[in-house]
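Dumped data.cif below, it's mmCIF, C-alpha atoms:
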data_structure
loop_
_atom_site.label_atom_id
_atom_site.label_comp_id
_atom_site.auth_asym_id
_atom_site.auth_seq_id
_atom_site.Cartn_x
_atom_site.Cartn_y
_atom_site.Cartn_z
CA MET A 98 85.98 84.74 107.47
CA LYS A 99 82.27 85.66 107.67
CA ILE A 100 81.20 88.01 104.87
CA ILE A 101 77.76 89.54 104.19
CA ILE A 102 77.02 90.80 100.68
CA ALA A 103 73.97 93.01 100.18
CA GLY A 104 72.81 93.03 96.56
CA ALA A 105 72.61 90.00 94.27
CA GLY A 106 73.08 91.99 91.07
CA GLU A 107 75.99 91.51 88.69
CA VAL A 108 78.67 92.80 91.07
CA GLY A 109 77.23 91.11 94.15
CA PHE A 110 76.79 87.72 92.49
CA HIS A 111 80.25 87.84 90.96
CA LEU A 112 81.79 88.68 94.34
CA ALA A 113 79.83 85.89 96.02
CA LYS A 114 81.01 83.48 93.35
CA LEU A 115 84.69 84.39 93.74
CA LEU A 116 84.56 84.45 97.53
CA SER A 117 82.74 81.11 97.72
CA TYR A 118 85.67 79.53 95.88
CA GLU A 119 87.83 80.72 98.77
CA SER A 120 85.76 78.72 101.29
CA GLN A 121 84.60 81.92 102.97
CA GLU A 122 81.31 81.94 104.88
CA ILE A 123 79.10 84.04 102.60
CA THR A 124 75.60 85.39 103.23
CA LEU A 125 73.86 87.10 100.29
CA ILE A 126 70.90 89.44 100.93
CA ASP A 127 68.51 90.73 98.26
CA THR A 128 64.82 91.49 97.72
CA ASN A 129 64.77 89.65 94.38
CA LYS A 130 63.71 86.05 94.96
CA GLU A 131 64.79 84.80 91.52
CA SER A 132 68.32 86.21 91.89
CA LEU A 133 68.68 84.52 95.27
CA ILE A 134 67.38 81.17 94.01
CA TYR A 135 69.89 81.29 91.14
CA ALA A 136 72.74 82.17 93.52
CA GLU A 137 71.77 79.48 96.02
CA ASN A 138 71.58 76.81 93.30
CA HIS A 139 74.95 77.71 91.80
CA LEU A 140 77.02 78.69 94.84
CA ASP A 141 77.77 77.26 98.26
CA ILE A 142 76.39 80.25 100.17
CA LYS A 143 73.52 81.25 102.46
CA VAL A 144 70.83 83.56 101.04
CA ILE A 145 68.31 85.78 102.82
CA LYS A 146 65.38 87.47 101.08
CA GLY A 147 64.58 90.93 102.38
CA ASP A 148 65.60 94.56 102.63
CA ALA A 149 69.24 94.69 103.72
CA THR A 150 68.62 97.92 105.65
CA SER A 151 66.14 96.09 107.88
CA ILE A 152 67.70 95.64 111.31
CA SER A 153 65.91 92.34 111.80
CA ILE A 154 67.26 91.05 108.48
CA LEU A 155 70.78 92.10 109.45
CA LYS A 156 70.41 90.34 112.79
CA ASP A 157 69.20 87.21 110.99
CA ALA A 158 72.39 87.40 108.95
CA ARG A 159 74.37 87.65 112.23
CA VAL A 160 75.88 90.97 111.27
CA ASN A 161 77.40 91.28 114.75
CA ASP A 162 79.71 88.35 113.88
CA ALA A 163 80.52 89.55 110.34
CA ASP A 164 84.14 90.34 109.56
CA LEU A 165 83.14 92.24 106.43
CA LEU A 166 79.92 93.68 105.00
CA ILE A 167 79.86 94.62 101.32
CA ALA A 168 76.94 96.78 100.17
CA VAL A 169 76.62 96.60 96.38
CA THR A 170 72.90 97.13 95.74
CA SER A 171 71.81 99.35 92.83
CA SER A 172 70.98 102.15 95.28
CA GLU A 173 73.86 104.30 96.47
CA ALA A 174 71.82 105.68 99.39
CA THR A 175 70.93 102.15 100.49
CA ASN A 176 74.58 101.09 100.41
CA LEU A 177 75.72 104.04 102.51
CA ALA A 178 72.91 103.66 105.05
CA LEU A 179 73.48 99.91 105.27
CA CYS A 180 77.16 100.32 106.10
CA VAL A 181 76.35 102.79 108.88
CA LEU A 182 73.75 100.41 110.35
CA ALA A 183 76.01 97.35 110.03
CA LYS A 184 78.89 99.07 111.80
CA GLN A 185 76.60 100.11 114.66
CA LEU A 186 75.39 96.51 114.93
CA GLY A 187 78.92 95.16 115.23
CA ALA A 188 80.23 94.43 111.73
CA GLY A 189 84.04 94.46 111.47
CA ARG A 190 84.61 96.34 108.21
CA THR A 191 82.17 97.84 105.72
CA ILE A 192 82.43 98.62 101.99
CA ALA A 193 79.85 100.63 100.03
CA ARG A 194 79.43 100.71 96.27
CA ILE A 195 78.77 104.26 95.07
CA SER A 196 78.03 106.00 91.78
CA ASN A 197 78.66 109.62 92.82
CA THR A 198 82.42 109.99 92.34
CA GLU A 199 82.42 113.23 94.37
CA PHE A 200 82.29 111.02 97.45
CA LEU A 201 85.70 109.64 96.49
CA LYS A 202 87.09 113.11 95.86
CA TYR A 203 86.05 114.42 99.28
CA LYS A 204 86.41 111.14 101.18
CA ASP A 205 88.95 112.41 103.72
CA GLU A 206 87.19 115.74 104.17
CA ILE A 207 83.82 114.11 104.94
CA GLY A 208 85.30 111.39 107.14
CA PHE A 209 83.22 108.44 105.99
CA ASP A 210 85.12 106.07 108.29
CA ALA A 211 83.85 108.01 111.30
CA LEU A 212 80.32 107.36 110.06
CA GLY A 213 81.00 103.62 109.87
CA ILE A 214 81.91 103.33 106.17
CA ASP A 215 85.44 101.99 105.85
CA GLU A 216 85.76 101.95 102.06
CA LEU A 217 83.96 103.39 99.03
CA ILE A 218 84.02 101.50 95.72
CA SER A 219 82.95 102.93 92.37
CA PRO A 220 83.16 100.31 89.57
CA GLU A 221 82.70 103.10 87.04
CA SER A 222 85.63 105.10 88.45
CA LEU A 223 87.79 101.98 88.53
CA ALA A 224 86.97 101.26 84.88
CA ALA A 225 87.72 104.85 83.83
CA ALA A 226 91.04 104.77 85.70
CA GLU A 227 91.91 101.44 84.07
CA ILE A 228 91.22 102.90 80.62
CA GLU A 229 93.44 105.92 81.29
CA LEU A 230 96.26 103.66 82.48
CA LEU A 231 95.94 101.49 79.37
CA LEU A 232 96.22 104.55 77.12
CA ASN A 233 99.49 105.44 78.84
CA GLN A 234 100.86 101.97 78.01
CA THR A 235 99.44 101.32 74.54
CA ALA A 236 101.85 98.47 73.73
CA PHE A 237 100.32 96.24 76.40
CA SER A 238 97.03 94.36 76.68
CA ASP A 239 96.75 94.67 80.46
CA THR A 240 98.36 96.89 83.05
CA TYR A 241 98.20 97.64 86.78
CA SER A 242 100.17 100.21 88.74
CA PHE A 243 101.64 99.89 92.23
CA ASP A 244 102.56 102.90 94.38
CA ASP A 245 101.94 105.55 91.73
CA GLY A 246 103.95 103.70 89.09
CA ALA A 247 106.97 102.67 91.17
CA LEU A 248 106.23 99.18 89.85
CA THR A 249 103.86 98.35 87.00
CA MET A 250 102.36 95.08 85.85
CA VAL A 251 102.09 94.78 82.06
CA ALA A 252 100.93 91.92 79.85
CA LEU A 253 101.65 91.21 76.19
CA THR A 254 101.81 88.41 73.65
CA LEU A 255 105.31 87.56 72.46
CA SER A 256 105.72 87.91 68.70
CA LYS A 257 108.39 86.27 66.55
CA ASN A 258 110.32 89.58 66.71
CA THR A 259 110.92 89.17 70.45
CA THR A 260 114.68 88.93 71.00
CA PHE A 261 114.46 86.39 73.84
CA ILE A 262 112.21 83.84 72.08
CA GLY A 263 113.75 80.38 72.57
CA LYS A 264 115.75 81.48 75.61
CA THR A 265 115.07 80.42 79.18
CA VAL A 266 114.36 83.03 81.84
CA LYS A 267 117.89 82.53 83.21
CA GLN A 268 119.50 82.87 79.77
CA ALA A 269 117.49 86.00 79.01
CA ALA A 270 118.51 87.54 82.35
CA GLU A 271 122.19 86.81 81.62
CA THR A 272 121.97 88.18 78.07
CA PHE A 273 120.11 91.33 79.09
CA SER A 274 121.60 91.89 82.52
CA GLU A 275 120.69 95.58 82.79
CA ILE A 276 116.94 95.17 82.25
CA HIS A 277 114.37 96.42 84.74
CA PHE A 278 111.58 93.88 84.33
CA VAL A 279 110.86 90.29 85.31
CA PRO A 280 108.29 87.74 84.05
CA ILE A 281 105.82 86.59 86.71
CA ALA A 282 103.23 84.53 84.79
CA ILE A 283 102.95 82.83 81.40
CA GLN A 284 100.05 81.33 79.51
CA ARG A 285 100.93 79.19 76.51
CA THR A 286 98.90 79.79 73.35
CA GLY A 287 95.96 77.42 73.04
CA THR A 288 95.99 76.46 76.74
CA GLN A 289 94.28 77.65 79.90
CA PHE A 290 97.20 76.75 82.18
CA THR A 291 99.10 79.40 84.10
CA ILE A 292 102.86 78.94 84.51
CA ILE A 293 104.80 80.69 87.27
CA PRO A 294 108.18 81.02 85.48
CA ARG A 295 111.41 79.68 86.90
CA GLY A 296 114.98 79.94 85.62
CA ASP A 297 114.56 77.01 83.23
CA THR A 298 111.21 78.20 81.80
CA GLU A 299 111.57 78.89 78.06
CA PHE A 300 109.91 81.81 76.29
CA LYS A 301 107.95 80.74 73.20
CA GLU A 302 106.30 82.62 70.34
CA ASN A 303 102.67 83.61 71.08
CA ASP A 304 103.13 83.19 74.85
CA ASN A 305 100.92 85.60 76.79
CA VAL A 306 103.37 86.88 79.42
CA VAL A 307 102.83 89.11 82.44
CA PHE A 308 105.82 91.18 83.58
CA ILE A 309 106.58 93.44 86.53
CA THR A 310 108.53 96.50 85.42
CA ALA A 311 110.38 99.22 87.29
CA GLU A 312 110.41 102.81 86.03
CA THR A 313 112.33 102.23 82.78
CA GLY A 314 111.32 98.60 82.34
CA ALA A 315 108.32 99.18 80.10
CA ASP A 316 110.42 100.96 77.46
CA GLU A 317 113.06 98.22 77.60
CA LEU A 318 110.38 95.57 77.23
CA CYS A 319 108.95 97.33 74.18
CA ARG A 320 112.40 97.46 72.59
CA LEU A 321 113.10 93.75 73.17
CA THR A 322 109.66 92.57 72.04
CA GLY A 323 109.28 94.79 68.99
CA LYS A 324 106.26 96.57 70.46
CA THR A 325 105.75 100.31 70.26
CA ASN A 326 104.05 102.65 72.69
CA THR A 327 102.01 104.77 70.28
CA GLU A 328 101.52 108.42 71.21
CA ILE A 329 97.81 108.94 71.78
CA ARG A 330 96.27 112.19 70.59
CA ASN A 331 92.94 111.36 68.95
CA ILE A 332 90.42 109.32 70.94
CA MET A 333 86.89 108.18 70.09
CA ILE A 334 84.58 106.95 72.87
CA LEU A 335 81.40 105.05 72.07
CA GLY A 336 78.66 105.34 74.69
CA GLY A 337 77.75 108.09 77.14
CA SER A 338 77.31 105.75 80.11
CA LYS A 339 78.68 106.65 83.55
CA ILE A 340 81.97 105.09 82.49
CA GLY A 341 81.86 106.89 79.14
CA PHE A 342 81.20 110.23 80.82
CA LYS A 343 83.95 109.87 83.42
CA THR A 344 86.42 108.56 80.85
CA ALA A 345 85.66 111.43 78.46
CA ARG A 346 85.88 114.01 81.25
CA ASP A 347 89.25 112.74 82.50
CA LEU A 348 90.77 112.20 79.04
CA GLY A 349 89.54 115.59 77.85
CA LEU A 350 91.90 117.20 80.36
CA SER A 351 94.95 115.36 79.00
CA TYR A 352 94.37 114.71 75.30
CA PRO A 353 93.77 117.30 72.56
CA ASN A 354 91.04 115.53 70.55
CA VAL A 355 88.41 113.46 72.35
CA LYS A 356 85.11 112.56 70.68
CA LEU A 357 82.15 110.94 72.45
CA ILE A 358 79.31 109.32 70.48
CA GLU A 359 75.92 108.93 72.23
CA LYS A 360 72.75 107.80 70.40
CA ASP A 361 70.22 109.31 72.85
CA LYS A 362 69.64 112.91 71.74
CA ASP A 363 68.71 114.41 75.11
CA LYS A 364 71.56 112.63 76.84
CA ALA A 365 73.99 113.81 74.15
CA PHE A 366 73.00 117.45 74.73
CA ASP A 367 73.39 117.03 78.52
CA LEU A 368 76.83 115.48 78.03
CA ALA A 369 77.86 118.32 75.71
CA ASP A 370 77.01 120.83 78.45
CA GLN A 371 79.01 118.89 81.04
CA LEU A 372 82.02 118.14 78.82
CA PRO A 373 83.29 121.44 77.34
CA LYS A 374 86.63 119.91 76.29
CA VAL A 375 85.00 116.97 74.47
CA LEU A 376 83.22 116.90 71.10
CA VAL A 377 79.91 115.11 71.76
CA ILE A 378 78.20 113.60 68.71
CA ASN A 379 74.58 112.45 68.67
CA GLY A 380 74.44 109.27 66.62
CA ASP A 381 74.34 105.49 66.63
CA GLY A 382 77.84 104.09 66.98
CA ARG A 383 76.70 100.88 65.26
CA ASN A 384 76.38 102.93 62.07
CA PHE A 385 79.79 102.40 60.52
CA ASP A 386 79.21 105.20 58.00
CA LEU A 387 78.90 107.57 60.95
CA LEU A 388 82.17 106.31 62.41
CA GLU A 389 83.94 106.93 59.12
CA GLU A 390 82.37 110.39 58.79
CA GLU A 391 83.80 111.20 62.22
CA SER A 392 87.29 110.22 61.05
CA LEU A 393 87.58 106.82 62.70
CA THR A 394 90.66 106.08 60.58
CA ASP A 395 92.45 109.07 62.15
CA MET A 396 91.88 107.85 65.71
CA ASP A 397 94.75 106.56 67.87
CA ALA A 398 92.39 104.88 70.32
CA PHE A 399 88.81 103.62 70.22
CA ILE A 400 86.99 102.93 73.50
CA ALA A 401 83.58 101.21 73.45
CA VAL A 402 81.68 101.46 76.75
CA THR A 403 78.00 101.14 75.79
CA GLY A 404 75.73 98.93 77.88
CA ASN A 405 75.89 96.18 75.24
CA SER A 406 78.96 93.92 75.27
CA GLU A 407 78.42 92.66 71.72
CA THR A 408 78.15 96.21 70.37
CA ASN A 409 81.37 97.13 72.14
CA ILE A 410 83.23 94.11 70.75
CA MET A 411 81.97 94.51 67.17
CA SER A 412 82.68 98.25 67.05
CA CYS A 413 86.21 97.65 68.36
CA LEU A 414 86.78 95.04 65.66
CA VAL A 415 85.66 97.56 63.05
CA ALA A 416 88.00 100.17 64.53
CA LYS A 417 90.87 97.68 64.49
CA SER A 418 90.16 96.85 60.83
CA LYS A 419 90.40 100.58 60.04
CA GLY A 420 93.89 100.82 61.52
CA VAL A 421 93.15 102.16 65.01
CA SER A 422 96.16 101.10 67.09
CA LYS A 423 94.49 100.78 70.53
CA THR A 424 91.02 99.32 71.10
CA ILE A 425 89.33 98.83 74.48
CA ALA A 426 85.91 97.23 74.98
CA LEU A 427 83.78 97.08 78.12
CA VAL A 428 82.18 93.64 78.52
CA GLU A 429 79.89 92.13 81.13
CA ASN A 430 80.30 88.46 80.23
CA MET A 431 83.40 87.06 81.91
CA ASP A 432 83.67 84.34 79.24
CA TYR A 433 84.50 87.00 76.67
CA PHE A 434 87.87 87.59 78.34
CA GLU A 435 89.18 84.38 76.83
CA LEU A 436 88.39 85.70 73.35
CA SER A 437 90.15 89.06 73.52
CA HIS A 438 93.54 88.02 72.13
CA SER A 439 92.16 85.54 69.59
CA ILE A 440 89.68 87.96 68.01
CA GLY A 441 92.04 90.92 67.80
CA ILE A 442 90.81 93.41 70.43
CA ASP A 443 93.66 94.85 72.48
CA THR A 444 91.93 94.92 75.86
CA LEU A 445 88.63 93.90 77.42
CA ILE A 446 87.68 95.42 80.76
CA ASN A 447 84.99 94.30 83.18
CA LYS A 448 83.80 96.50 86.02
CA LYS A 449 82.72 93.50 88.12
CA LEU A 450 86.25 92.13 88.03
CA LEU A 451 87.76 95.53 88.81
CA ALA A 452 85.46 95.97 91.81
CA ALA A 453 86.18 92.43 93.00
CA ASN A 454 89.94 93.00 92.77
CA THR A 455 89.66 96.08 94.96
CA ILE A 456 87.45 94.36 97.53
CA PHE A 457 89.48 91.14 97.59
CA ARG A 458 92.41 92.70 99.41
CA TYR A 459 90.21 93.08 102.50
CA ILE A 460 89.87 89.31 102.86
CA ARG A 461 93.56 88.57 102.42
CA LYS A 462 95.67 88.05 105.52
CA GLY A 463 98.86 89.99 106.11
CA GLU A 464 99.29 93.67 105.27
CA VAL A 465 97.88 93.61 101.73
CA VAL A 466 97.88 97.13 100.26
CA ALA A 467 96.95 96.29 96.65
CA MET A 468 95.68 93.29 94.75
CA THR A 469 94.54 92.30 91.27
CA LYS A 470 93.63 89.08 89.52
CA LEU A 471 95.39 88.43 86.23
CA ASN A 472 93.06 88.39 83.23
CA ASN A 473 92.64 84.89 81.75
CA MET A 474 95.10 83.47 84.27
CA ASN A 475 94.62 81.49 87.44
CA ALA A 476 96.82 83.78 89.52
CA GLU A 477 96.69 86.83 91.75
CA LEU A 478 99.06 89.75 92.13
CA LEU A 479 99.33 91.03 95.70
CA GLU A 480 101.34 93.82 97.31
CA PHE A 481 102.27 93.21 100.97
CA ASN A 482 103.69 95.53 103.61
CA VAL A 483 106.63 93.96 105.43
CA LYS A 484 106.24 94.20 109.21
CA PRO A 485 109.04 93.58 111.74
CA THR A 486 107.23 90.38 112.72
CA SER A 487 107.02 89.09 109.13
CA LYS A 488 108.97 85.87 108.54
CA ILE A 489 110.30 87.41 105.34
CA CYS A 490 111.81 90.45 107.13
CA ASN A 491 115.64 90.82 107.05
CA LYS A 492 116.05 87.75 104.85
CA LEU A 493 117.70 87.35 101.46
CA ILE A 494 115.16 86.38 98.82
CA LYS A 495 117.11 83.21 97.97
CA ASN A 496 116.87 82.05 101.61
CA ILE A 497 113.08 82.44 101.88
CA ASP A 498 111.01 79.25 101.83
CA PHE A 499 108.83 80.51 98.99
CA PRO A 500 106.31 78.13 97.33
CA ARG A 501 107.13 77.18 93.73
CA SER A 502 103.70 78.34 92.57
CA ALA A 503 104.50 81.90 93.63
CA ILE A 504 107.16 84.45 92.71
CA ILE A 505 108.35 87.85 93.97
CA GLY A 506 107.93 90.36 91.17
CA GLY A 507 109.48 93.43 92.76
CA ILE A 508 110.05 95.57 95.85
CA VAL A 509 109.02 99.15 96.56
CA ARG A 510 111.45 100.76 99.02
CA ASP A 511 111.15 104.44 99.95
CA GLY A 512 108.93 105.00 96.90
CA GLU A 513 111.40 103.44 94.44
CA GLY A 514 110.56 100.30 92.47
CA ILE A 515 113.23 97.59 92.45
CA ILE A 516 113.40 94.38 90.42
CA ALA A 517 114.97 92.27 93.16
CA LEU A 518 116.98 89.07 92.63
CA GLY A 519 118.12 86.33 95.02
CA ASP A 520 120.79 88.33 96.88
CA PHE A 521 118.39 91.18 97.74
CA GLN A 522 117.58 91.53 101.45
CA ILE A 523 114.00 92.43 102.36
CA ARG A 524 113.59 94.97 105.15
CA GLU A 525 110.86 96.30 107.41
CA ALA A 526 108.46 98.75 105.63
CA ASP A 527 109.32 97.35 102.19
CA LYS A 528 106.35 96.66 99.94
CA VAL A 529 106.65 93.33 98.18
CA VAL A 530 104.71 92.49 95.00
CA VAL A 531 104.00 88.77 94.76
CA CYS A 532 102.35 86.74 91.98
CA CYS A 533 100.86 83.49 93.21
CA MET A 534 98.43 80.80 92.19
CA PRO A 535 95.43 80.09 94.48
CA LYS A 536 96.99 77.02 96.10
CA ALA A 537 99.95 79.11 97.30
CA ILE A 538 98.07 82.10 98.72
CA LYS A 539 97.76 80.86 102.31
CA GLN A 540 101.42 79.89 102.43
CA VAL A 541 102.49 83.28 101.06
CA GLU A 542 100.22 85.16 103.46
CA LYS A 543 101.88 83.47 106.44
CA LEU A 544 105.24 84.94 105.40
CA PHE A 545 103.89 88.47 105.92
CA LEU A 546 101.90 88.08 109.16
#

As structure tokens, how would this structure be written, given the file I've shared?
Amino acid sequence: MKIIIAGAGEVGFHLAKLLSYESQEITLIDTNKESLIYAENHLDIKVIKGDATSISILKDARVNDADLLIAVTSSEATNLALCVLAKQLGAGRTIARISNTEFLKYKDEIGFDALGIDELISPESLAAAEIELLLNQTAFSDTYSFDDGALTMVALTLSKNTTFIGKTVKQAAETFSEIHFVPIAIQRTGTQFTIIPRGDTEFKENDNVVFITAETGADELCRLTGKTNTEIRNIMILGGSKIGFKTARDLGLSYPNVKLIEKDKDKAFDLADQLPKVLVINGDGRNFDLLEEESLTDMDAFIAVTGNSETNIMSCLVAKSKGVSKTIALVENMDYFELSHSIGIDTLINKKLLAANTIFRYIRKGEVVAMTKLNNMNAELLEFNVKPTSKICNKLIKNIDFPRSAIIGGIVRDGEGIIALGDFQIREADKVVVCCMPKAIKQVEKLFL
């Protein structure tokens, strides 16, 4: 697949890095020579220096042969214009990164696809949506929703209070036969290896386990693991960034007490005018006396989304030490993800990874309708549409030649989430959620073509 990425900033470079691992043909365009030299030296890709909206530059990049163009420069106007130009010059699909979330709200009304823009991506909106989802499932460190919650992916670390510690997956399923969840990936404590569980896989204390749950599965999982979904009422947000603003605005509509701390005085006053349901405080969130004065100990959730990863991590650690039950930190450094569980922060989020997850489904074969990479694990979670031509159609799950490094997590049929076992027959129009390791992706994709 030939892919052109315009913009070698943090999102563009990260996308190029992930896509280059997939042996895709990548061309990266940017005006910054140093960024391109760094990318060329570290990745197996082609780079072109120049303005991506230049028609001659696009022709040099062979845009007419491109299957996908991704515009992720720092300029929203550039990204939109570039997609329009690329489509006119013959690009297959186009994706534009935007910052104005109104474009998402009125996407259908405006008809961006008619202009040549197939998809709009806002990393800030994705991060804000992720935060809101995490607050709805406070017992879990990671979560992802399929089909408006018909199926939900949740991740947690098994404590010694978990009732199925020491049991195999098969034994646990026999003991708790009425449960509505299934494990799809496990990472043993102290290792970086991802295990796709089978019937003889044993659950161990401190395992980081990813589950797929149907509607009631999350509550059952909490009961069996000793976790509690804390009711969230009081929320403190550190940082009035784009993510902080959108998070505060959205949460202010659903939660009774939301506080936003912003150190820039003028920005704090502007935010106060735009957020009537949120208490905006002008102050430095690194000042722990200020946090205590603003009743940090009474907060149910603390969300740090400043532009500094270290500030976000340290402030979340302070909040955790003061008894705040749910802490979420925005980080830019991907290496920090490996530290989240060991240092005590509930969840780390990264807007580059969220944007990449959304874009990745456009390079997958088969009818992929949703996709996410599992944090800290070498696995992907994909949702496929079953077509009448799919090899998986009208077959029992137990009769499908499924690779051992992949597993079916659940089925969405007519809007209802189902945890499906071996005797379940897959039908046309079903949506199938699959967890698979990279080596199995091509084999799984072929089942849904």

Starting from the shown file, work through the PyMOL selection byres ((chain A and resi 145) around 12) and note down what comes out as a count of residues only.
34

One number please: atom CA of A:Glu477 to atom CA of A:Ser422, in Å, one decimal.
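Atom-to-atom, atom CA of A:Glu477 to atom CA of A:Ser422, that is 28.5 Å.
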
Enclose the full set of atoms of stretch 367-378 of chain A listed in the file within a box whose edges lie along x, y and z, apply 4 Å of padding to each of the six sides, and report centre and edge lengths in Å to one decimal as JSON.
{"center_x": 80.0, "center_y": 117.5, "center_z": 74.9, "size_x": 21.2, "size_y": 15.8, "size_z": 20.3}

Any chance you could resolve the PyMOL selection byres ((chain A and resi 194) around 6) against this file and give the residues as an MDAnalysis selection string?
chainID A and resid 169 193 195 217:219

Target residues per the PyMOL selection byres ((chain A and resi 271-283) around 7), formatted as a ChimeraX atom specification:
/A:267-270,284-285,291-294,304-311,313-314,317,504,506,516,532

Just how far from atom CA of A:Leu544 is atom CA of A:Lys484, in Å to one decimal?
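Interatomic distance here is 10.1 Å.
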
Restricting the calculation to all atoms listed in the file, which member of A:Val509, A:Asp141, A:Leu112, A:Asn354 is positioned closest to A:Ala453?
A:Leu112
